[in-house]
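Source file input-v4.tsv; content: TSV, C-alpha atoms and all ligand atoms.
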```
chain	number	residue	atom	x	y	z
X	1	MET	CA	-1.16	11.94	25.85
X	2	LEU	CA	0.99	10.06	23.31
X	3	LYS	CA	3.95	12.01	22.00
X	4	PRO	CA	4.26	12.34	18.21
X	5	SER	CA	6.81	10.03	16.60
X	6	ILE	CA	10.06	11.61	15.44
X	7	LYS	CA	9.51	9.64	12.21
X	8	SER	CA	6.40	11.63	11.35
X	9	LEU	CA	8.39	14.79	10.53
X	10	LEU	CA	9.70	15.96	7.20
X	11	LEU	CA	13.20	17.44	7.20
X	12	ASP	CA	11.99	21.06	7.03
X	13	GLU	CA	9.48	20.49	9.85
X	14	LEU	CA	12.22	19.08	12.04
X	15	ALA	CA	14.58	21.92	11.08
X	16	HIS	CA	11.90	24.45	11.98
X	17	GLN	CA	11.35	22.92	15.44
X	18	LEU	CA	15.10	22.85	16.12
X	19	ALA	CA	15.63	26.41	14.88
X	20	LEU	CA	13.10	27.58	17.49
X	21	ARG	CA	15.52	26.20	20.11
X	22	GLY	CA	18.48	27.92	18.51
X	23	GLU	CA	20.01	24.69	17.19
X	24	PRO	CA	22.35	24.96	14.17
X	25	SER	CA	20.81	24.39	10.73
X	26	TYR	CA	22.71	21.12	10.09
X	27	ARG	CA	21.14	19.48	13.16
X	28	ALA	CA	18.00	18.23	11.39
X	29	ARG	CA	20.08	16.40	8.77
X	30	GLN	CA	22.19	14.81	11.49
X	31	ILE	CA	19.02	13.44	13.06
X	32	THR	CA	17.46	12.14	9.82
X	33	GLY	CA	20.83	10.51	9.08
X	34	TRP	CA	20.58	8.58	12.35
X	35	LEU	CA	16.95	7.68	11.70
X	36	TYR	CA	16.98	6.60	8.06
X	37	LYS	CA	20.60	5.85	7.14
X	38	LYS	CA	22.10	4.41	10.34
X	39	ARG	CA	18.71	3.20	11.58
X	40	VAL	CA	19.33	3.59	15.31
X	41	ASP	CA	16.50	2.79	17.68
X	42	SER	CA	16.88	5.45	20.38
X	43	PHE	CA	17.80	9.09	20.80
X	44	ALA	CA	20.61	8.00	23.13
X	45	ALA	CA	22.31	6.29	20.17
X	46	MET	CA	22.62	9.61	18.28
X	47	THR	CA	26.07	10.09	19.70
X	48	ASP	CA	27.15	13.20	17.81
X	49	LEU	CA	24.25	15.27	19.21
X	50	PRO	CA	24.74	17.32	22.36
X	51	ALA	CA	23.19	15.69	25.43
X	52	SER	CA	20.77	18.61	25.78
X	53	THR	CA	19.44	18.05	22.23
X	54	ARG	CA	18.97	14.35	22.87
X	55	ALA	CA	17.11	15.12	26.09
X	56	TYR	CA	14.91	17.62	24.25
X	57	LEU	CA	14.10	15.09	21.51
X	58	ALA	CA	13.28	12.38	24.05
X	59	GLU	CA	10.98	14.76	25.87
X	60	GLN	CA	9.12	15.89	22.75
X	61	PHE	CA	9.00	12.80	20.54
X	62	SER	CA	8.47	9.07	20.76
X	63	PHE	CA	10.65	6.50	19.03
X	64	VAL	CA	8.50	3.42	19.31
X	65	GLY	CA	8.26	1.27	16.21
X	66	PRO	CA	5.73	-1.52	15.74
X	67	GLU	CA	6.09	-4.78	17.66
X	68	VAL	CA	6.46	-7.88	15.46
X	69	VAL	CA	3.71	-10.34	16.39
X	70	ARG	CA	4.13	-12.94	13.65
X	71	VAL	CA	6.20	-13.55	10.55
X	72	LEU	CA	5.09	-16.06	7.92
X	73	GLY	CA	7.19	-17.29	5.00
X	74	SER	CA	10.91	-17.51	4.51
X	75	LYS	CA	13.68	-15.50	2.90
X	76	ASP	CA	13.10	-16.86	-0.62
X	77	THR	CA	9.33	-16.61	-0.58
X	78	THR	CA	6.78	-13.96	0.13
X	79	GLN	CA	7.04	-12.98	3.78
X	80	LYS	CA	4.10	-11.62	5.75
X	81	PHE	CA	4.56	-9.52	8.86
X	82	LEU	CA	1.90	-8.92	11.47
X	83	PHE	CA	2.67	-5.83	13.56
X	84	ARG	CA	1.12	-4.49	16.75
X	85	LEU	CA	0.95	-0.69	16.97
X	86	ALA	CA	1.41	1.37	20.12
X	87	ASP	CA	-2.38	1.45	20.71
X	88	GLY	CA	-2.69	-2.34	20.36
X	89	ASN	CA	-4.10	-2.36	16.82
X	90	LEU	CA	-2.78	-4.96	14.35
X	91	ILE	CA	-1.61	-4.29	10.79
X	92	GLU	CA	0.04	-6.37	8.06
X	93	SER	CA	2.91	-5.74	5.68
X	94	VAL	CA	4.21	-8.11	3.00
X	95	LEU	CA	7.67	-8.51	1.46
X	96	ILE	CA	7.77	-9.99	-2.05
X	97	PRO	CA	11.13	-11.40	-3.11
X	98	ALA	CA	13.14	-10.20	-6.09
X	99	SER	CA	11.86	-12.79	-8.52
X	100	PRO	CA	9.29	-13.73	-9.66
X	101	ALA	CA	7.69	-10.32	-9.64
X	102	LEU	CA	4.33	-8.98	-8.74
X	103	TYR	CA	3.13	-8.55	-12.31
X	104	GLY	CA	4.04	-11.56	-14.41
X	105	GLU	CA	7.51	-10.44	-15.59
X	106	ALA	CA	10.65	-11.29	-13.68
X	107	SER	CA	12.08	-8.47	-11.62
X	108	ASP	CA	15.13	-7.89	-9.50
X	109	ARG	CA	13.25	-5.64	-7.12
X	110	ARG	CA	12.23	-6.43	-3.57
X	111	THR	CA	8.73	-5.10	-3.07
X	112	ALA	CA	7.01	-4.20	0.18
X	113	CYS	CA	3.23	-4.09	0.31
X	114	ILE	CA	2.30	-1.54	2.94
X	115	SER	CA	-0.89	-0.80	4.90
X	116	THR	CA	-2.34	2.71	5.21
X	117	GLN	CA	-5.26	2.18	7.59
X	118	VAL	CA	-6.33	-0.13	10.43
X	119	GLY	CA	-9.17	-2.07	8.80
X	120	CYS	CA	-11.02	-0.62	5.86
X	121	ALA	CA	-14.40	0.97	5.28
X	122	TYR	CA	-14.74	0.05	1.61
X	123	GLY	CA	-15.73	-3.59	1.93
X	124	CYS	CA	-14.53	-4.93	-1.45
X	125	LYS	CA	-15.99	-8.41	-1.63
X	126	PHE	CA	-12.73	-10.24	-2.35
X	127	CYS	CA	-10.82	-8.73	0.56
X	128	ALA	CA	-10.42	-9.75	4.18
X	129	SER	CA	-9.21	-6.31	5.29
X	130	GLY	CA	-12.69	-4.85	5.34
X	131	LEU	CA	-14.40	-7.78	7.08
X	132	ASP	CA	-14.06	-6.27	10.55
X	133	GLY	CA	-14.74	-2.69	9.44
X	134	PHE	CA	-12.62	0.43	9.69
X	135	SER	CA	-10.80	1.53	12.87
X	136	ARG	CA	-8.53	4.44	12.00
X	137	ASN	CA	-5.98	5.97	9.65
X	138	LEU	CA	-2.30	5.19	10.11
X	139	ASP	CA	-0.18	8.25	10.76
X	140	PRO	CA	2.90	8.99	8.62
X	141	ALA	CA	5.29	7.39	11.11
X	142	GLU	CA	3.24	4.19	11.25
X	143	ILE	CA	3.45	3.99	7.45
X	144	VAL	CA	7.22	4.66	7.32
X	145	ASP	CA	7.84	2.34	10.30
X	146	GLN	CA	6.45	-0.65	8.37
X	147	LEU	CA	9.27	-0.31	5.85
X	148	LEU	CA	11.92	0.11	8.52
X	149	ALA	CA	10.57	-2.89	10.45
X	150	VAL	CA	10.32	-5.12	7.35
X	151	GLU	CA	13.92	-4.29	6.41
X	152	ALA	CA	15.17	-4.82	9.97
X	153	ASN	CA	13.38	-8.16	10.36
X	154	SER	CA	14.10	-9.58	6.91
X	155	GLY	CA	17.63	-8.26	6.46
X	156	GLN	CA	16.61	-7.24	2.93
X	157	LYS	CA	16.69	-3.80	1.34
X	158	ILE	CA	13.36	-2.75	-0.12
X	159	ASP	CA	13.48	-0.93	-3.44
X	160	ASN	CA	9.86	-1.01	-4.53
X	161	ILE	CA	6.70	-0.14	-2.61
X	162	VAL	CA	3.07	-0.82	-3.32
X	163	PHE	CA	0.41	0.74	-1.12
X	164	MET	CA	-1.93	-2.21	-1.52
X	165	GLY	CA	-2.01	-3.50	2.04
X	166	MET	CA	-4.80	-2.93	4.49
X	167	GLY	CA	-6.90	0.17	3.94
X	168	GLU	CA	-7.84	2.48	1.10
X	169	PRO	CA	-4.72	4.65	0.61
X	170	LEU	CA	-6.60	7.57	-0.91
X	171	ALA	CA	-8.95	7.74	2.08
X	172	ASN	CA	-5.82	8.64	4.09
X	173	LEU	CA	-4.33	10.89	1.44
X	174	THR	CA	-2.79	13.62	3.61
X	175	TYR	CA	-0.85	11.22	5.82
X	176	LEU	CA	0.02	9.01	2.86
X	177	LEU	CA	1.58	11.89	0.93
X	178	HIS	CA	3.43	12.99	4.06
X	179	ALA	CA	4.83	9.47	4.49
X	180	ILE	CA	5.79	9.34	0.80
X	181	GLY	CA	7.64	12.63	1.37
X	182	ILE	CA	9.85	10.78	3.88
X	183	ILE	CA	10.11	7.56	1.86
X	184	ASN	CA	11.05	9.34	-1.37
X	185	ALA	CA	13.44	11.99	0.04
X	186	PRO	CA	17.23	11.73	-0.38
X	187	TRP	CA	17.51	12.39	3.39
X	188	GLY	CA	14.86	9.71	4.06
X	189	LEU	CA	14.48	6.22	2.63
X	190	GLU	CA	15.47	7.35	-0.87
X	191	ILE	CA	13.04	5.16	-2.79
X	192	GLY	CA	12.40	6.66	-6.24
X	193	ALA	CA	8.86	7.84	-7.00
X	194	ARG	CA	8.67	5.50	-10.00
X	195	HIS	CA	9.09	2.63	-7.57
X	196	ILE	CA	6.16	3.72	-5.44
X	197	THR	CA	2.69	2.55	-6.49
X	198	ILE	CA	-0.51	3.77	-4.87
X	199	SER	CA	-3.55	1.59	-5.29
X	200	THR	CA	-7.15	2.75	-5.00
X	201	SER	CA	-10.59	1.19	-5.11
X	202	GLY	CA	-11.61	4.21	-7.18
X	203	LEU	CA	-12.07	7.34	-5.04
X	204	ALA	CA	-12.67	9.74	-7.92
X	205	PRO	CA	-12.24	13.09	-6.09
X	206	GLN	CA	-8.92	11.98	-4.56
X	207	ILE	CA	-7.67	10.74	-7.95
X	208	ARG	CA	-8.20	14.28	-9.24
X	209	LYS	CA	-6.25	15.64	-6.25
X	210	LEU	CA	-3.39	13.23	-6.92
X	211	ALA	CA	-3.24	14.45	-10.51
X	212	THR	CA	-1.91	17.78	-9.30
X	213	GLU	CA	0.80	16.27	-7.06
X	214	PRO	CA	4.27	16.94	-8.44
X	215	THR	CA	5.75	13.56	-7.37
X	216	GLN	CA	5.58	11.02	-10.22
X	217	PHE	CA	4.56	7.89	-8.35
X	218	ARG	CA	2.44	5.25	-10.07
X	219	LEU	CA	-1.29	4.78	-9.64
X	220	ALA	CA	-3.12	1.45	-9.80
X	221	ILE	CA	-6.91	1.43	-10.10
X	222	SER	CA	-8.60	-1.66	-8.67
X	223	LEU	CA	-11.17	-2.05	-11.42
X	224	HIS	CA	-12.34	-5.68	-11.17
X	225	GLY	CA	-15.39	-5.07	-13.35
X	226	ALA	CA	-15.82	-3.40	-16.74
X	227	THR	CA	-19.51	-2.53	-16.34
X	228	ASP	CA	-21.36	-0.98	-13.40
X	229	ALA	CA	-23.50	-4.08	-12.90
X	230	VAL	CA	-20.47	-6.35	-12.47
X	231	ARG	CA	-18.25	-3.88	-10.63
X	232	SER	CA	-20.93	-3.01	-8.06
X	233	GLN	CA	-21.25	-6.69	-7.13
X	234	ILE	CA	-17.57	-6.77	-6.23
X	235	MET	CA	-16.89	-3.24	-5.05
X	236	PRO	CA	-19.56	-1.34	-3.09
X	237	VAL	CA	-17.60	1.90	-3.74
X	238	ASN	CA	-18.89	1.72	-7.31
X	239	ARG	CA	-22.31	2.80	-6.08
X	240	LYS	CA	-20.79	6.03	-4.87
X	241	TYR	CA	-18.37	6.61	-7.75
X	242	ASN	CA	-19.69	4.69	-10.74
X	243	LEU	CA	-17.55	3.79	-13.74
X	244	ALA	CA	-18.43	6.97	-15.65
X	245	THR	CA	-17.34	9.14	-12.68
X	246	LEU	CA	-14.24	7.06	-12.02
X	247	LEU	CA	-13.16	7.06	-15.66
X	248	GLU	CA	-13.61	10.83	-15.96
X	249	ALA	CA	-11.33	11.26	-12.94
X	250	CYS	CA	-8.86	8.87	-14.61
X	251	ASP	CA	-9.01	10.91	-17.86
X	252	TYR	CA	-8.18	13.99	-15.80
X	253	TYR	CA	-5.29	12.17	-14.11
X	254	VAL	CA	-3.85	10.82	-17.35
X	255	ALA	CA	-4.09	14.22	-19.03
X	256	ARG	CA	-1.97	15.79	-16.26
X	257	LYS	CA	0.23	13.03	-14.99
X	258	LYS	CA	1.71	9.86	-16.22
X	259	ARG	CA	0.29	6.48	-16.76
X	260	LEU	CA	-2.04	4.50	-14.59
X	261	MET	CA	-2.75	0.80	-14.54
X	262	PHE	CA	-5.76	-1.39	-13.89
X	263	GLU	CA	-5.79	-4.21	-11.39
X	264	TYR	CA	-8.35	-6.88	-12.25
X	265	ILE	CA	-8.93	-9.87	-9.98
X	266	LEU	CA	-10.42	-12.71	-12.04
X	267	ILE	CA	-13.32	-14.34	-10.20
X	268	ALA	CA	-15.04	-17.41	-11.68
X	269	GLY	CA	-18.50	-16.72	-13.05
X	270	ILE	CA	-18.50	-13.14	-11.77
X	271	ASN	CA	-16.20	-10.96	-13.91
X	272	ASP	CA	-14.33	-13.41	-16.17
X	273	THR	CA	-16.67	-13.47	-19.20
X	274	ASP	CA	-15.60	-12.67	-22.77
X	275	GLU	CA	-17.92	-9.65	-22.67
X	276	GLN	CA	-16.07	-8.20	-19.65
X	277	ALA	CA	-12.73	-8.81	-21.37
X	278	HIS	CA	-13.81	-6.90	-24.51
X	279	LYS	CA	-15.13	-4.00	-22.44
X	280	LEU	CA	-12.07	-3.94	-20.18
X	281	ALA	CA	-9.79	-3.73	-23.22
X	282	LYS	CA	-11.72	-0.69	-24.45
X	283	LEU	CA	-11.50	1.07	-21.09
X	284	ALA	CA	-7.77	0.41	-21.00
X	285	ALA	CA	-7.35	1.78	-24.53
X	286	ARG	CA	-9.15	4.99	-23.53
X	287	LEU	CA	-6.59	5.60	-20.76
X	288	SER	CA	-3.56	3.82	-22.29
X	289	ALA	CA	-3.61	1.76	-19.11
X	290	LYS	CA	-1.70	-1.46	-18.58
X	291	ILE	CA	-3.82	-4.30	-17.13
X	292	ASN	CA	-2.68	-6.65	-14.38
X	293	LEU	CA	-4.85	-9.76	-14.12
X	294	ILE	CA	-4.74	-11.50	-10.75
X	295	PRO	CA	-6.44	-14.88	-10.31
X	296	TYR	CA	-8.72	-14.74	-7.25
X	297	ASN	CA	-7.30	-16.17	-4.06
X	298	THR	CA	-9.73	-17.88	-1.72
X	299	VAL	CA	-10.55	-15.87	1.40
X	300	GLU	CA	-11.89	-17.60	4.47
X	301	GLY	CA	-15.53	-16.66	4.89
X	302	LEU	CA	-16.03	-15.66	1.23
X	303	GLU	CA	-17.49	-18.02	-1.33
X	304	TRP	CA	-15.95	-17.05	-4.67
X	305	SER	CA	-13.36	-19.09	-6.55
X	306	ARG	CA	-10.66	-18.59	-9.16
X	307	PRO	CA	-11.38	-19.36	-12.83
X	308	SER	CA	-9.70	-22.35	-14.51
X	309	ARG	CA	-6.29	-21.74	-16.08
X	310	ASN	CA	-7.92	-21.99	-19.52
X	311	ARG	CA	-10.44	-19.30	-18.70
X	312	GLN	CA	-7.69	-17.03	-17.32
X	313	GLU	CA	-5.64	-17.49	-20.49
X	314	SER	CA	-8.56	-16.83	-22.85
X	315	PHE	CA	-9.45	-13.66	-20.93
X	316	LEU	CA	-5.85	-12.53	-21.38
X	317	ARG	CA	-5.93	-13.45	-25.08
X	318	ILE	CA	-9.00	-11.28	-25.72
X	319	LEU	CA	-7.29	-8.31	-24.07
X	320	ARG	CA	-4.16	-8.82	-26.15
X	321	ASP	CA	-6.18	-9.24	-29.35
X	322	HIS	CA	-7.45	-5.73	-28.72
X	323	GLY	CA	-3.85	-4.56	-28.45
X	324	ALA	CA	-3.96	-4.08	-24.67
X	325	VAL	CA	-0.78	-4.43	-22.62
X	326	ALA	CA	-1.79	-7.05	-20.08
X	327	THR	CA	-0.10	-9.49	-17.73
X	328	LEU	CA	-1.50	-12.45	-15.85
X	329	ARG	CA	0.00	-13.32	-12.49
X	330	ARG	CA	0.84	-16.99	-12.73
X	331	GLU	CA	2.85	-17.61	-9.58
X	332	LYS	CA	1.24	-18.78	-6.42
X	333	GLY	CA	1.75	-17.08	-3.10
X	334	HIS	CA	1.78	-13.50	-4.35
X	335	ASP	CA	-1.90	-12.84	-4.19
X	336	ILE	CA	-1.45	-9.79	-2.09
X	337	ASN	CA	-4.72	-8.03	-2.67
X	338	ALA	CA	-6.83	-11.00	-1.89
X	339	ALA	CA	-4.70	-12.40	0.87
X	340	CYS	CA	-4.14	-9.14	2.65
X	341	GLY	CA	-5.85	-8.81	5.99
X	342	GLN	CA	-6.29	-12.52	6.63
X	343	LEU	CA	-3.42	-12.88	9.07
X	344	ARG	CA	-4.70	-9.95	11.10
X	345	LEU	CA	-8.25	-11.26	11.05
X	346	GLN	CA	-7.20	-14.73	12.24
X	347	THR	CA	-5.04	-13.27	15.03
X	348	ARG	CA	-7.74	-10.84	16.19
X	349	ARG	CA	-10.33	-13.60	16.29
X	350	ALA	CA	-8.00	-15.91	18.20
X	351	GLU	CA	-7.19	-13.16	20.70
X	352	ARG	CA	-10.89	-12.40	21.22
X	353	LYS	CA	-11.54	-16.09	21.88
X	354	GLU	CA	-8.76	-16.20	24.44
X	355	ARG	CA	-10.23	-13.20	26.24
X	356	SER	CA	-13.76	-14.64	26.33
X	357	PRO	CA	-13.54	-18.44	26.58
X	358	ALA	CA	-16.89	-20.15	25.92
V	401	LIG	S1	-9.28	-4.03	-1.44
V	401	LIG	FE1	-8.46	-2.20	-0.43
V	401	LIG	S2	-10.17	-0.74	-0.47
V	401	LIG	FE2	-11.07	-2.76	-0.88
V	401	LIG	S3	-11.71	-3.52	1.17
V	401	LIG	FE3	-9.64	-4.31	0.77
V	401	LIG	S4	-8.28	-2.83	1.74
V	401	LIG	FE4	-10.30	-1.82	1.48
```

Show this structure as structure tokens.
Ligand code: SF4
Amino acid sequence: MLKPSIKSLLLDELAHQLALRGEPSYRARQITGWLYKKRVDSFAAMTDLPASTRAYLAEQFSFVGPEVVRVLGSKDTTQKFLFRLADGNLIESVLIPASPALYGEASDRRTACISTQVGCAYGCKFCASGLDGFSRNLDPAEIVDQLLAVEANSGQKIDNIVFMGMGEPLANLTYLLHAIGIINAPWGLEIGARHITISTSGLAPQIRKLATEPTQFRLAISLHGATDAVRSQIMPVNRKYNLATLLEACDYYVARKKRLMFEYILIAGINDTDEQAHKLAKLAARLSAKINLIPYNTVEGLEWSRPSRNRQESFLRILRDHGAVATLRREKGHDINAACGQLRLQTRRAERKERSPA
């Protein structure tokens, strides 16, 4: 049986395990210091621990991080990482450079886009991640390890995280919150909650659960349609949680927490009409939500296309005329939502071909 990763434990869980062995109370902090500050890659490297403690840790826990299979892009551009997990599954993470930013405005933050599941069960029609179906949830260590591996392989310090990679984050809520506990903690990766954004396709019950979480991370709702008829064409999840149900959950969230934002991928002839823009502006006003417009990025195997620049700009203008706070992503190469999952899909298909030559 696989041992649990040492990076799946919160500080108090680690302290509890060590206390059972009679270790001193400062021991857990020594270990998290080695893991998240000094970033060593073995128990043997934790040189200020007694040999017996290191042997105990090695016996109980694993230390394996993901293997880097491919890296696309360069230091100044968006970089994509394809990782192989201990069980052979492939996942993707993306590093977006300091400027230009994810949402229109310039930013000095380096953002990592992180996966939360292997594959995805939700099948949004603009996304390659769901094309091969869902395999499994990532555990907390596999989520945290993506950040450590991206930093180690890029030489850059990440200070902003979006959970918009492969998978529906709220379908893996327990492990996600556990991982955020490590990412956000002063003893862990120390990334402030306001620099952590969770994205969801609209799982209404889990949005209500999140509303009661004390940590003030940000929530992005992938809306992509302002009426049920349009949204259901793009996002099958809308048949389970329609707009009325989703928006009620959002009302509940906004009443208890902070702000949320809408993500809206503009797809030519599907959701880019004036009517959708007027309706979207009204939904945003109801929740005081900021809107991020993202021009559709072509996905191999899917037939939609991005609207003309004029259409994108007039959609934006209608939103702003209503007083909505909206941005339009104008740079190329940062189309994370749409592009996510494609590298994995191509690699999986190539590997399958190699295994079964025609
Ligand atoms: S957009 Fe997110 S929820 Fe939808 S299929 Fe892709 S990974 Fe799944």

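A search radius of 7 Å centred on (3.3, -9.5, 1.7), applied to all atoms listed in the file, returns the residues Thr78, Gln79, Lys80, Ser93, Val94, Leu95, Ile96, Ala112, Cys113 and Ile336 of chain X.
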
Write out as JSON lines a residue-level contact list of region 55-159 of chain X versus region 230-241 of chain X with cut-off 12 Å: for each qualifying residue the closest pair of atoms and the distance in Å to one decimal, counting all atoms listed in the file, rows sorted by chain and residue number upward.
```
{"residue": "X:Cys120", "atom": "CA", "partner": "X:Val237", "partner_atom": "CA", "distance": 11.9}
{"residue": "X:Ala121", "atom": "CA", "partner": "X:Val237", "partner_atom": "CA", "distance": 9.6}
{"residue": "X:Tyr122", "atom": "CA", "partner": "X:Val237", "partner_atom": "CA", "distance": 6.3}
{"residue": "X:Gly123", "atom": "CA", "partner": "X:Pro236", "partner_atom": "CA", "distance": 6.7}
{"residue": "X:Cys124", "atom": "CA", "partner": "X:Met235", "partner_atom": "CA", "distance": 4.6}
{"residue": "X:Lys125", "atom": "CA", "partner": "X:Ile234", "partner_atom": "CA", "distance": 5.1}
{"residue": "X:Phe126", "atom": "CA", "partner": "X:Ile234", "partner_atom": "CA", "distance": 7.1}
{"residue": "X:Cys127", "atom": "CA", "partner": "X:Ile234", "partner_atom": "CA", "distance": 9.8}
{"residue": "X:Gly130", "atom": "CA", "partner": "X:Met235", "partner_atom": "CA", "distance": 11.3}
```

(request) Can you pull out every residue within 9 Å of Ile114 (chain X), counting only C-alpha atoms, but drop anything in the same chain fewer than 3 positions away, and send it as an MDAnalysis selection string? (result) chainID X and resid 92:95 143 146:147 161:166

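Put simply, CA of Ala284 (chain X) is 27.4 Å away from CA of Arg110 (chain X).
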
(message) List the spatial neighbours of Phe63 (chain X) as a list in words - criterion: any atom at most 8 Å away, only C-alpha atoms, same-chain residues fewer than 5 positions off excluded.
(response) Ser5, Ile6, Lys7, Asp41, Ser42 and Phe43 of chain X

How about saving the chosen residues, C-alpha atoms kept, as a PDB file, in the frame of the given file?
```pdb
ATOM      1  CA  SER X   5       6.810  10.030  16.600  1.00  0.00           C
ATOM      2  CA  ILE X   6      10.060  11.610  15.440  1.00  0.00           C
ATOM      3  CA  LYS X   7       9.510   9.640  12.210  1.00  0.00           C
ATOM      4  CA  ASP X  41      16.500   2.790  17.680  1.00  0.00           C
ATOM      5  CA  SER X  42      16.880   5.450  20.380  1.00  0.00           C
ATOM      6  CA  PHE X  43      17.800   9.090  20.800  1.00  0.00           C
TER       7      PHE X  43
END
```

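Take CA of Val299 (chain X) and CA of Ala128 (chain X): the distance between them is 6.7 Å.
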